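Everything below belongs to protein_30.txt, which stores compact mmCIF, C-alpha atoms.
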```txt
# COMPACT_ATOMS: atom_id res chain seq x y z
CA MET Z 197 -9.51 -1.22 7.23
CA ASN Z 198 -7.42 1.86 6.46
CA GLU Z 199 -5.34 3.39 9.22
CA PRO Z 200 -6.17 7.03 10.05
CA ALA Z 201 -3.48 9.39 8.76
CA THR Z 202 -3.05 10.89 12.23
CA ALA Z 203 -2.27 7.45 13.69
CA ILE Z 204 0.31 6.84 10.97
CA GLU Z 205 1.87 10.25 11.57
CA ALA Z 206 2.08 9.58 15.29
CA ALA Z 207 3.78 6.25 14.68
CA VAL Z 208 6.26 7.84 12.29
CA ALA Z 209 7.07 10.63 14.73
CA ALA Z 210 7.64 8.11 17.52
CA SER Z 211 10.02 6.03 15.42
CA PRO Z 212 13.71 6.33 16.34
CA LEU Z 213 14.38 6.54 12.60
CA HIS Z 214 12.55 9.87 12.55
CA GLN Z 215 15.73 11.45 13.89
CA LEU Z 216 17.35 10.91 10.48
CA LYS Z 217 15.13 13.60 8.98
CA ASP Z 218 18.10 15.99 9.02
CA GLU Z 219 20.36 13.43 7.36
CA LEU Z 220 18.24 12.38 4.38
CA ASP Z 221 16.95 13.99 1.21
CA ILE Z 222 14.18 12.61 -1.00
CA VAL Z 223 14.85 13.04 -4.73
CA ILE Z 224 11.93 13.01 -7.18
CA PRO Z 225 12.20 13.43 -10.97
CA THR Z 226 8.99 14.67 -12.56
CA ILE Z 227 7.24 16.37 -15.45
CA ARG Z 228 3.91 16.84 -13.64
CA ASN Z 229 2.27 18.15 -10.48
CA LEU Z 230 3.20 16.11 -7.43
CA ASP Z 231 -0.28 15.24 -6.19
CA PHE Z 232 0.97 11.74 -5.37
CA LEU Z 233 2.76 13.20 -2.34
CA GLU Z 234 -0.56 13.52 -0.51
CA MET Z 235 -0.64 9.76 -0.04
CA TRP Z 236 2.96 9.83 1.19
CA ARG Z 237 2.47 12.81 3.51
CA PRO Z 238 2.43 10.81 6.80
CA PHE Z 239 5.78 9.25 5.94
CA LEU Z 240 7.65 11.83 3.87
CA GLN Z 241 6.54 15.24 5.09
CA PRO Z 242 9.24 15.48 7.81
CA TYR Z 243 11.95 15.19 5.16
CA HIS Z 244 13.44 17.63 2.69
CA LEU Z 245 12.57 17.06 -0.98
CA ILE Z 246 14.77 17.74 -4.00
CA ILE Z 247 12.55 17.87 -7.09
CA VAL Z 248 14.24 17.63 -10.49
CA GLN Z 249 11.87 18.90 -13.15
CA ASP Z 250 12.39 17.33 -16.55
CA GLY Z 251 11.18 18.71 -19.85
CA ASP Z 252 9.91 22.25 -20.37
CA PRO Z 253 11.40 24.50 -17.66
CA SER Z 254 8.69 27.12 -18.17
CA LYS Z 255 6.01 24.73 -16.93
CA ALA Z 256 5.01 25.31 -13.31
CA ILE Z 257 5.10 22.23 -11.09
CA LYS Z 258 2.70 22.25 -8.14
CA VAL Z 259 3.78 20.70 -4.85
CA PRO Z 260 1.24 20.09 -2.08
CA ASN Z 261 1.37 22.53 0.83
CA GLY Z 262 3.42 21.64 3.87
CA PHE Z 263 6.37 19.98 2.15
CA ASP Z 264 9.87 21.42 2.49
CA TYR Z 265 11.47 21.31 -0.94
CA GLU Z 266 13.76 22.82 -3.53
CA LEU Z 267 13.02 22.47 -7.24
CA TYR Z 268 15.50 22.48 -10.10
CA ASN Z 269 14.64 22.68 -13.79
CA ARG Z 270 16.89 22.54 -16.85
CA ASN Z 271 17.71 26.23 -16.62
CA ASP Z 272 18.89 25.73 -13.04
CA ILE Z 273 21.01 22.72 -14.03
CA ASN Z 274 22.66 24.72 -16.82
CA ARG Z 275 23.26 27.67 -14.49
CA ILE Z 276 24.79 25.58 -11.71
CA LEU Z 277 26.92 23.22 -13.79
CA GLY Z 278 27.71 25.36 -16.82
CA PRO Z 279 29.32 23.31 -19.63
CA LYS Z 280 29.33 20.25 -17.34
CA ALA Z 281 25.52 20.20 -17.54
CA SER Z 282 26.02 18.10 -20.66
CA CYS Z 283 26.35 15.03 -18.43
CA ILE Z 284 22.77 15.39 -17.13
CA SER Z 285 20.15 13.70 -19.29
CA PHE Z 286 17.17 15.63 -20.69
CA LYS Z 287 13.66 14.26 -21.20
CA ASP Z 288 14.45 11.16 -19.19
CA SER Z 289 14.13 10.27 -15.51
CA ALA Z 290 17.93 9.89 -15.49
CA CYS Z 291 17.92 13.61 -14.67
CA ARG Z 292 17.23 12.58 -11.06
CA CYS Z 293 20.94 12.08 -10.44
CA PHE Z 294 21.37 15.86 -10.46
CA GLY Z 295 19.47 15.79 -7.17
CA TYR Z 296 22.02 13.37 -5.76
CA MET Z 297 24.77 15.78 -6.71
CA VAL Z 298 23.31 18.93 -5.13
CA SER Z 299 22.22 17.22 -1.92
CA LYS Z 300 24.48 17.57 1.09
CA LYS Z 301 22.81 14.89 3.19
CA LYS Z 302 24.23 11.50 4.11
CA TYR Z 303 21.31 9.47 2.72
CA ILE Z 304 19.15 9.65 -0.40
CA PHE Z 305 15.75 8.09 -1.05
CA THR Z 306 14.49 8.40 -4.62
CA ILE Z 307 10.99 7.57 -5.80
CA ASP Z 308 8.97 8.06 -8.99
CA ASP Z 309 5.78 10.10 -9.10
CA ASP Z 310 3.67 7.09 -10.12
CA CYS Z 311 4.64 5.13 -7.01
CA PHE Z 312 2.07 5.02 -4.21
CA VAL Z 313 2.01 3.65 -0.68
CA ALA Z 314 1.67 -0.13 -0.73
CA LYS Z 315 0.02 -2.31 1.91
CA ASP Z 316 1.33 -5.46 3.49
CA PRO Z 317 -0.81 -8.64 3.57
CA SER Z 318 -2.49 -7.46 6.79
CA GLY Z 319 -3.63 -4.24 5.11
CA LYS Z 320 -1.17 -2.01 6.95
CA ALA Z 321 0.36 0.87 5.00
CA ILE Z 322 4.06 0.28 4.34
CA ASN Z 323 6.47 3.00 5.38
CA ALA Z 324 8.95 2.34 2.57
CA LEU Z 325 11.41 4.97 3.74
CA GLU Z 326 11.60 3.49 7.24
CA GLN Z 327 12.45 0.07 5.83
CA HIS Z 328 15.09 1.54 3.53
CA ILE Z 329 16.70 3.25 6.51
CA LYS Z 330 16.67 -0.01 8.46
CA ASN Z 331 18.38 -1.70 5.52
CA LEU Z 332 21.04 0.98 5.27
CA LEU Z 333 21.74 1.14 9.00
CA SER Z 334 22.29 -2.61 9.36
CA PRO Z 335 25.27 -4.48 7.86
CA SER Z 336 25.30 -6.47 4.64
CA THR Z 337 26.76 -9.95 4.16
CA PRO Z 338 28.10 -10.13 0.57
CA PHE Z 339 30.82 -12.73 1.16
CA PHE Z 340 28.69 -15.67 2.34
CA PHE Z 341 24.99 -16.24 1.71
CA ASN Z 342 22.71 -16.63 4.72
CA THR Z 343 19.76 -18.94 3.92
CA LEU Z 344 17.51 -17.01 6.34
CA TYR Z 345 18.23 -13.94 4.23
CA ASP Z 346 19.07 -10.82 6.25
CA PRO Z 347 20.45 -12.08 9.58
CA PHE Z 348 20.04 -8.60 11.07
CA ALA Z 349 16.28 -8.51 10.47
CA GLU Z 350 13.92 -8.98 13.40
CA GLY Z 351 13.37 -12.68 14.13
CA ALA Z 352 16.33 -13.84 12.03
CA ASP Z 353 19.98 -14.69 12.66
CA PHE Z 354 22.94 -16.44 11.10
CA VAL Z 355 22.23 -20.08 10.38
CA ARG Z 356 24.33 -23.03 11.49
CA GLY Z 357 27.50 -23.23 9.43
CA TYR Z 358 27.80 -19.50 8.80
CA PRO Z 359 31.43 -18.45 9.44
CA PHE Z 360 31.80 -16.49 12.67
CA SER Z 361 34.62 -14.49 11.08
CA LEU Z 362 32.13 -12.99 8.59
CA ARG Z 363 29.24 -12.27 10.95
CA GLU Z 364 30.19 -8.67 11.54
CA GLY Z 365 29.23 -7.91 7.96
CA VAL Z 366 30.10 -4.78 6.00
CA SER Z 367 28.56 -1.32 5.61
CA THR Z 368 25.45 -1.20 3.45
CA ALA Z 369 25.69 1.30 0.61
CA VAL Z 370 22.46 0.61 -1.31
CA SER Z 371 18.92 -0.50 -0.44
CA HIS Z 372 16.92 -1.61 -3.50
CA GLY Z 373 13.17 -1.88 -3.00
CA LEU Z 374 10.50 -3.68 -5.04
CA TRP Z 375 6.99 -3.05 -6.38
CA LEU Z 376 3.48 -4.39 -6.14
CA ASN Z 377 1.02 -4.13 -9.03
CA ILE Z 378 2.96 -3.08 -12.17
CA PRO Z 379 6.24 -5.03 -12.36
CA ASP Z 380 9.39 -3.40 -13.72
CA TYR Z 381 9.41 -5.32 -17.01
CA ASP Z 382 11.17 -4.54 -20.27
CA ALA Z 383 9.12 -3.83 -23.40
CA PRO Z 384 9.13 -7.36 -24.90
CA THR Z 385 7.90 -8.83 -21.60
CA GLN Z 386 5.27 -6.10 -21.32
CA LEU Z 387 4.03 -6.97 -24.81
CA VAL Z 388 3.62 -10.69 -24.12
CA LYS Z 389 2.25 -10.21 -20.57
CA PRO Z 390 0.18 -7.01 -20.82
CA LEU Z 391 -2.16 -7.91 -17.94
CA GLU Z 392 0.37 -9.38 -15.52
CA ARG Z 393 0.45 -7.77 -12.08
CA ASN Z 394 2.69 -8.55 -9.14
CA THR Z 395 0.61 -9.47 -6.10
CA ARG Z 396 3.27 -11.47 -4.27
CA PHE Z 397 4.51 -9.87 -1.08
CA VAL Z 398 7.77 -11.55 -0.04
CA ASP Z 399 8.78 -10.56 3.48
CA ALA Z 400 12.52 -10.72 2.93
CA VAL Z 401 15.65 -8.65 2.50
CA LEU Z 402 18.85 -10.20 1.21
CA THR Z 403 22.35 -9.07 0.41
CA ILE Z 404 23.30 -9.48 -3.24
CA PRO Z 405 26.45 -11.66 -3.16
CA LYS Z 406 29.83 -10.31 -4.19
CA GLY Z 407 30.46 -10.93 -7.88
CA THR Z 408 26.76 -10.98 -8.76
CA LEU Z 409 25.22 -8.20 -10.85
CA PHE Z 410 21.55 -7.23 -10.64
CA PRO Z 411 19.05 -5.08 -12.59
CA MET Z 412 18.67 -1.99 -10.41
CA CYS Z 413 15.40 -0.06 -10.64
CA GLY Z 414 15.56 3.61 -9.67
CA MET Z 415 11.92 4.16 -8.69
CA ASN Z 416 12.19 2.80 -5.12
CA LEU Z 417 15.82 3.15 -4.10
CA ALA Z 418 17.87 4.45 -1.19
CA PHE Z 419 21.59 4.75 -0.71
CA ASP Z 420 24.31 6.10 1.52
CA ARG Z 421 25.48 9.12 -0.44
CA GLN Z 422 28.69 9.33 1.54
CA LEU Z 423 29.65 5.75 0.73
CA ILE Z 424 28.60 5.42 -2.92
CA GLY Z 425 27.10 8.74 -4.10
CA PRO Z 426 29.66 9.64 -6.81
CA ALA Z 427 28.96 6.33 -8.59
CA MET Z 428 25.18 6.89 -8.72
CA TYR Z 429 25.32 8.40 -12.18
CA PHE Z 430 22.35 7.47 -14.35
CA GLY Z 431 24.22 7.96 -17.61
CA LEU Z 432 23.27 9.67 -20.87
CA MET Z 433 19.68 8.83 -21.78
CA GLY Z 434 16.68 10.46 -23.39
CA GLU Z 435 16.77 13.30 -25.91
CA GLY Z 436 19.73 13.19 -28.27
CA GLN Z 437 20.80 9.71 -27.16
CA PRO Z 438 20.28 6.35 -28.90
CA ILE Z 439 19.02 4.62 -25.75
CA GLY Z 440 16.61 5.09 -22.87
CA ARG Z 441 15.30 3.17 -19.84
CA TYR Z 442 18.79 1.87 -19.05
CA ASP Z 443 19.74 4.75 -16.77
CA ASP Z 444 19.19 2.89 -13.50
CA MET Z 445 20.53 -0.35 -15.02
CA TRP Z 446 23.80 1.38 -15.90
CA ALA Z 447 24.11 2.92 -12.46
CA GLY Z 448 23.34 -0.44 -10.87
CA TRP Z 449 26.07 -2.26 -12.76
CA CYS Z 450 28.58 0.47 -11.93
CA ILE Z 451 27.76 0.68 -8.22
CA LYS Z 452 27.78 -3.10 -7.80
CA VAL Z 453 31.26 -3.48 -9.29
CA ILE Z 454 32.52 -0.61 -7.14
CA CYS Z 455 30.81 -1.86 -3.97
CA ASP Z 456 32.36 -5.29 -4.53
CA HIS Z 457 35.79 -3.71 -4.96
CA LEU Z 458 35.50 -1.47 -1.90
CA GLY Z 459 33.89 -4.10 0.33
CA LEU Z 460 30.45 -2.50 0.59
CA GLY Z 461 27.02 -4.16 0.58
CA VAL Z 462 23.90 -3.93 -1.59
CA LYS Z 463 20.54 -5.18 -0.32
CA THR Z 464 17.35 -5.95 -2.22
CA GLY Z 465 13.80 -6.96 -1.24
CA LEU Z 466 11.70 -4.96 1.20
CA PRO Z 467 10.31 -2.33 1.05
CA TYR Z 468 7.49 -2.52 -1.47
CA ILE Z 469 5.78 0.42 -3.11
CA TYR Z 470 2.62 0.29 -5.26
CA HIS Z 471 3.55 1.02 -8.89
CA SER Z 472 0.38 2.55 -10.22
CA LYS Z 473 0.65 2.66 -14.00
CA ALA Z 474 2.29 0.76 -16.84
CA SER Z 475 4.22 2.76 -19.42
CA ASN Z 476 3.53 2.26 -23.13
CA PRO Z 477 5.40 -0.89 -24.27
CA PHE Z 478 5.76 0.35 -27.86
CA VAL Z 479 7.34 3.61 -26.70
CA ASN Z 480 9.51 1.61 -24.31
CA LEU Z 481 10.62 -0.72 -27.10
CA ARG Z 482 11.79 2.22 -29.17
CA LYS Z 483 13.84 3.44 -26.19
CA GLU Z 484 15.16 0.04 -25.17
CA TYR Z 485 15.87 -1.88 -28.34
CA LYS Z 486 19.56 -0.96 -28.60
CA GLY Z 487 20.02 -1.59 -24.88
CA ILE Z 488 18.45 -5.03 -25.19
CA TYR Z 489 20.97 -5.81 -27.92
CA TRP Z 490 23.95 -4.11 -26.27
CA GLN Z 491 23.43 -5.59 -22.83
CA GLU Z 492 24.63 -8.96 -24.08
CA ASP Z 493 28.06 -7.31 -24.34
CA ILE Z 494 27.70 -4.81 -21.49
CA ILE Z 495 26.95 -7.40 -18.80
CA PRO Z 496 29.97 -9.62 -19.60
CA PHE Z 497 32.08 -6.45 -19.52
CA PHE Z 498 30.96 -5.66 -15.98
CA GLN Z 499 31.34 -9.30 -14.96
CA GLN Z 500 34.97 -9.21 -16.02
CA VAL Z 501 35.94 -5.72 -14.84
CA VAL Z 502 38.89 -5.62 -12.46
CA LEU Z 503 39.66 -2.39 -10.61
CA PRO Z 504 43.27 -1.79 -9.54
CA LYS Z 505 44.18 -1.85 -5.85
CA ASP Z 506 45.07 1.84 -5.92
CA CYS Z 507 41.39 2.62 -6.64
CA THR Z 508 40.61 3.32 -2.99
CA THR Z 509 37.82 5.88 -3.40
CA VAL Z 510 34.54 5.84 -5.30
CA GLN Z 511 35.79 8.63 -7.55
CA LYS Z 512 39.00 6.76 -8.45
CA CYS Z 513 36.99 3.61 -9.13
CA TYR Z 514 34.55 5.48 -11.33
CA ILE Z 515 37.24 7.23 -13.39
CA GLU Z 516 38.94 3.86 -13.93
CA LEU Z 517 35.59 2.34 -14.91
CA ALA Z 518 35.06 5.15 -17.44
CA LYS Z 519 38.48 4.43 -18.91
CA GLN Z 520 37.63 0.75 -19.35
CA VAL Z 521 34.20 1.58 -20.79
CA LYS Z 522 35.89 3.67 -23.48
CA GLU Z 523 38.51 1.02 -24.22
CA LYS Z 524 36.23 -2.01 -24.36
CA LEU Z 525 32.65 -0.90 -24.97
CA GLY Z 526 33.64 1.90 -27.34
CA LYS Z 527 34.19 -0.81 -29.94
CA ILE Z 528 30.46 -1.61 -29.88
CA ASP Z 529 29.17 1.87 -30.66
CA PRO Z 530 30.45 5.48 -30.51
CA TYR Z 531 27.78 6.11 -27.86
CA PHE Z 532 30.01 4.44 -25.27
CA ASP Z 533 32.87 6.84 -26.01
CA LYS Z 534 30.45 9.67 -25.34
CA LEU Z 535 29.14 7.95 -22.20
CA ALA Z 536 32.66 7.38 -20.86
CA ASP Z 537 33.45 11.08 -21.33
CA ALA Z 538 30.20 11.97 -19.56
CA MET Z 539 31.16 9.71 -16.64
CA VAL Z 540 34.37 11.72 -16.19
CA THR Z 541 32.46 15.00 -16.51
CA TRP Z 542 30.00 13.75 -13.87
CA ILE Z 543 32.81 13.14 -11.38
CA GLN Z 544 34.29 16.56 -12.11
CA ALA Z 545 30.90 18.18 -11.55
CA TRP Z 546 30.32 16.13 -8.38
CA ASP Z 547 33.66 17.11 -6.91
CA GLY Z 548 33.05 20.73 -7.86
CA LEU Z 549 29.84 20.83 -5.82
CA ASN Z 550 31.09 18.45 -3.12
CA PRO Z 551 34.65 19.32 -2.08
CA THR Z 552 36.17 16.76 0.27
CA SER Z 553 35.78 19.12 3.23
CA ALA Z 554 31.99 19.33 2.77
CA SER Z 555 29.86 18.02 5.59
CA PHE Z 556 27.37 15.35 4.55
CA SER Z 557 25.12 16.09 7.51
CA ASN Z 558 24.53 19.77 6.84
CA GLY Z 559 21.49 19.79 4.57
CA LYS Z 560 20.07 22.61 2.50
CA THR Z 561 16.87 24.30 3.46
CA GLY Z 562 14.14 24.94 1.00
```

Written form, structure tokens:
Amino acid sequence: MNEPATAIEAAVAASPLHQLKDELDIVIPTIRNLDFLEMWRPFLQPYHLIIVQDGDPSKAIKVPNGFDYELYNRNDINRILGPKASCISFKDSACRCFGYMVSKKKYIFTIDDDCFVAKDPSGKAINALEQHIKNLLSPSTPFFFNTLYDPFAEGADFVRGYPFSLREGVSTAVSHGLWLNIPDYDAPTQLVKPLERNTRFVDAVLTIPKGTLFPMCGMNLAFDRQLIGPAMYFGLMGEGQPIGRYDDMWAGWCIKVICDHLGLGVKTGLPYIYHSKASNPFVNLRKEYKGIYWQEDIIPFFQQVVLPKDCTTVQKCYIELAKQVKEKLGKIDPYFDKLADAMVTWIQAWDGLNPTSASFSNGKTG
């Protein structure tokens, strides 16, 4: 039985996490009207939206009434960043990272426009944002694996044998959520399993251990912008580039290496969203095929990256990472030279819009 929207809204308003509405922006990349927000209204309406319109800037994007938002198209990106706009992808959802840059809030939740509210096994609508906030506000445990998963979750704790010296945990920088229905598969897997749907709801959150990479998906993701924001660059993808659909993967590899170096945590698991539609596997294959080939060199690169001790900020880490990308991955293809330059441009643009004196809690109004 579906819960009445008014009951959901009342529960959201009563939640202590509701107070974070002035500290969090929701970033949505899109090429279409945002009718999907109607389903999310009980959970997302209190928050400010940053909509990054991809594609034709002359097309009008309709947003349901009652949402507080600001919308940026390619003309706006060019106006705000000038020549540095070259680091923002075009005709690819990687453009979402522009929203991360212009936000002034402490937290970011980003979601795709084909992601709907999922339900848990009891039929209750899942407030994905609330779970992301819980993940971000509780510590991570990257240095020693807890076999009951997140020890800070309700009904869980550290198991026997877990070192007491590590139980304080570390700050959580990233919360990576999952999907029911359409799994986040690559094109070859889509082609051999065209009818496969994910119906498994696993009630668990775990910290990804230090030294372990993971495939980050950007369609149900939250992060602490103050802790890791400058590294959340989704690369050069889409029009004019030889690769696509690796934007979130690239960002995930970069942020994980930097989080490991700086002693920050990354969680994955809950919350689930309902991914409503599968993209065309043949189109995806055309976008992905070089990435599928290149990743066999890219992943070992990230596994072996060592950041110097004097890299004490995210920006310093990212500039050093760009340097190593150019030196080591540039041998694979000239694209990586271009990507490394774009990584530096991204940091310059980020710092230009976010001077160190900026307050992360003073959000923009739309």

Among the residues Z:Asn271, Z:Ser361, Z:Asn416, Z:Asn342, the one that comes closest to Asp309 of chain Z [using only C-alpha atoms]
Z:Asn416

Would you work out the distance separating atom CA of Asp308 of chain Z from atom CA of Lys320 of chain Z, expressed in Å to one decimal?
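Between atom CA of Asp308 of chain Z and atom CA of Lys320 of chain Z the gap works out to 21.4 Å.
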
Leaving out segment 374-389 of chain Z and any residue of its chain fewer than 5 positions from it, which residues lie within 7 Å of it when counting all atoms listed in the file, given as a PyMOL selection string?
chain Z and resi 394-395+416+465-474+477-478+480-481

Select, from Z:Lys524, Z:Arg393, Z:His244, Z:Lys302, the residue with the minimum atom-to-atom distance to Leu423 of chain Z, counting all atoms listed in the file.
Z:Lys302

Extract, using only C-alpha atoms, all DNA, RNA and protein residues at most 7 Å from Ser367 of chain Z, discarding same-chain residues fewer than 3 positions from it, and format them as an NGL selection string.
:Z and (335-336 or 460-461)

When distances are computed from only C-alpha atoms, which of Z:Met433, Z:Cys513, Z:Ala290, Z:Ala369 shows the smallest separation from Ile543 of chain Z?
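The answer is Z:Cys513, which sits nearest to Ile543 of chain Z.
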
Using all atoms listed in the file, pick whichever of Z:Ile304, Z:Leu216, Z:Leu233, Z:Met297 has the shortest atom-to-atom distance to Gln544 of chain Z.
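Checking each candidate against Gln544 of chain Z, we get Z:Met297 as the closest.
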
Please indicate the distance in Å from atom CA of Val355 of chain Z to atom CA of His372 of chain Z, rounded to one decimal place.
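Going from atom CA of Val355 of chain Z over to atom CA of His372 of chain Z, I get 23.7 Å.
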
Any idea what's packed within 8 Å of Tyr345 of chain Z, counting all atoms listed in the file, ignoring anything in its chain fewer than 6 positions away? Could you give it as a PyMOL selection string?
chain Z and resi 400-403

Proximity to Lys300 of chain Z - best of Z:Glu219, Z:Arg275, Z:Glu435, Z:Val502, only C-alpha atoms:
Z:Glu219

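The space separating atom CA of Ala418 of chain Z from atom CA of Phe305 of chain Z comes to 4.2 Å.
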
Residues of segment 231-264 of chain Z at most 10 Å from segment 280-287 of chain Z: nearest atom pair and distance in Å, all atoms listed in the file, as a Markdown table:
```
| residue | atom | partner | partner_atom | distance |
| --- | --- | --- | --- | --- |
| Z:Gln249 | CA | Z:Lys287 | CA | 9.5 |
| Z:Asp250 | CA | Z:Lys287 | CA | 5.7 |
| Z:Gly251 | CA | Z:Lys287 | CA | 5.3 |
| Z:Asp252 | CA | Z:Lys287 | CA | 8.9 |
```
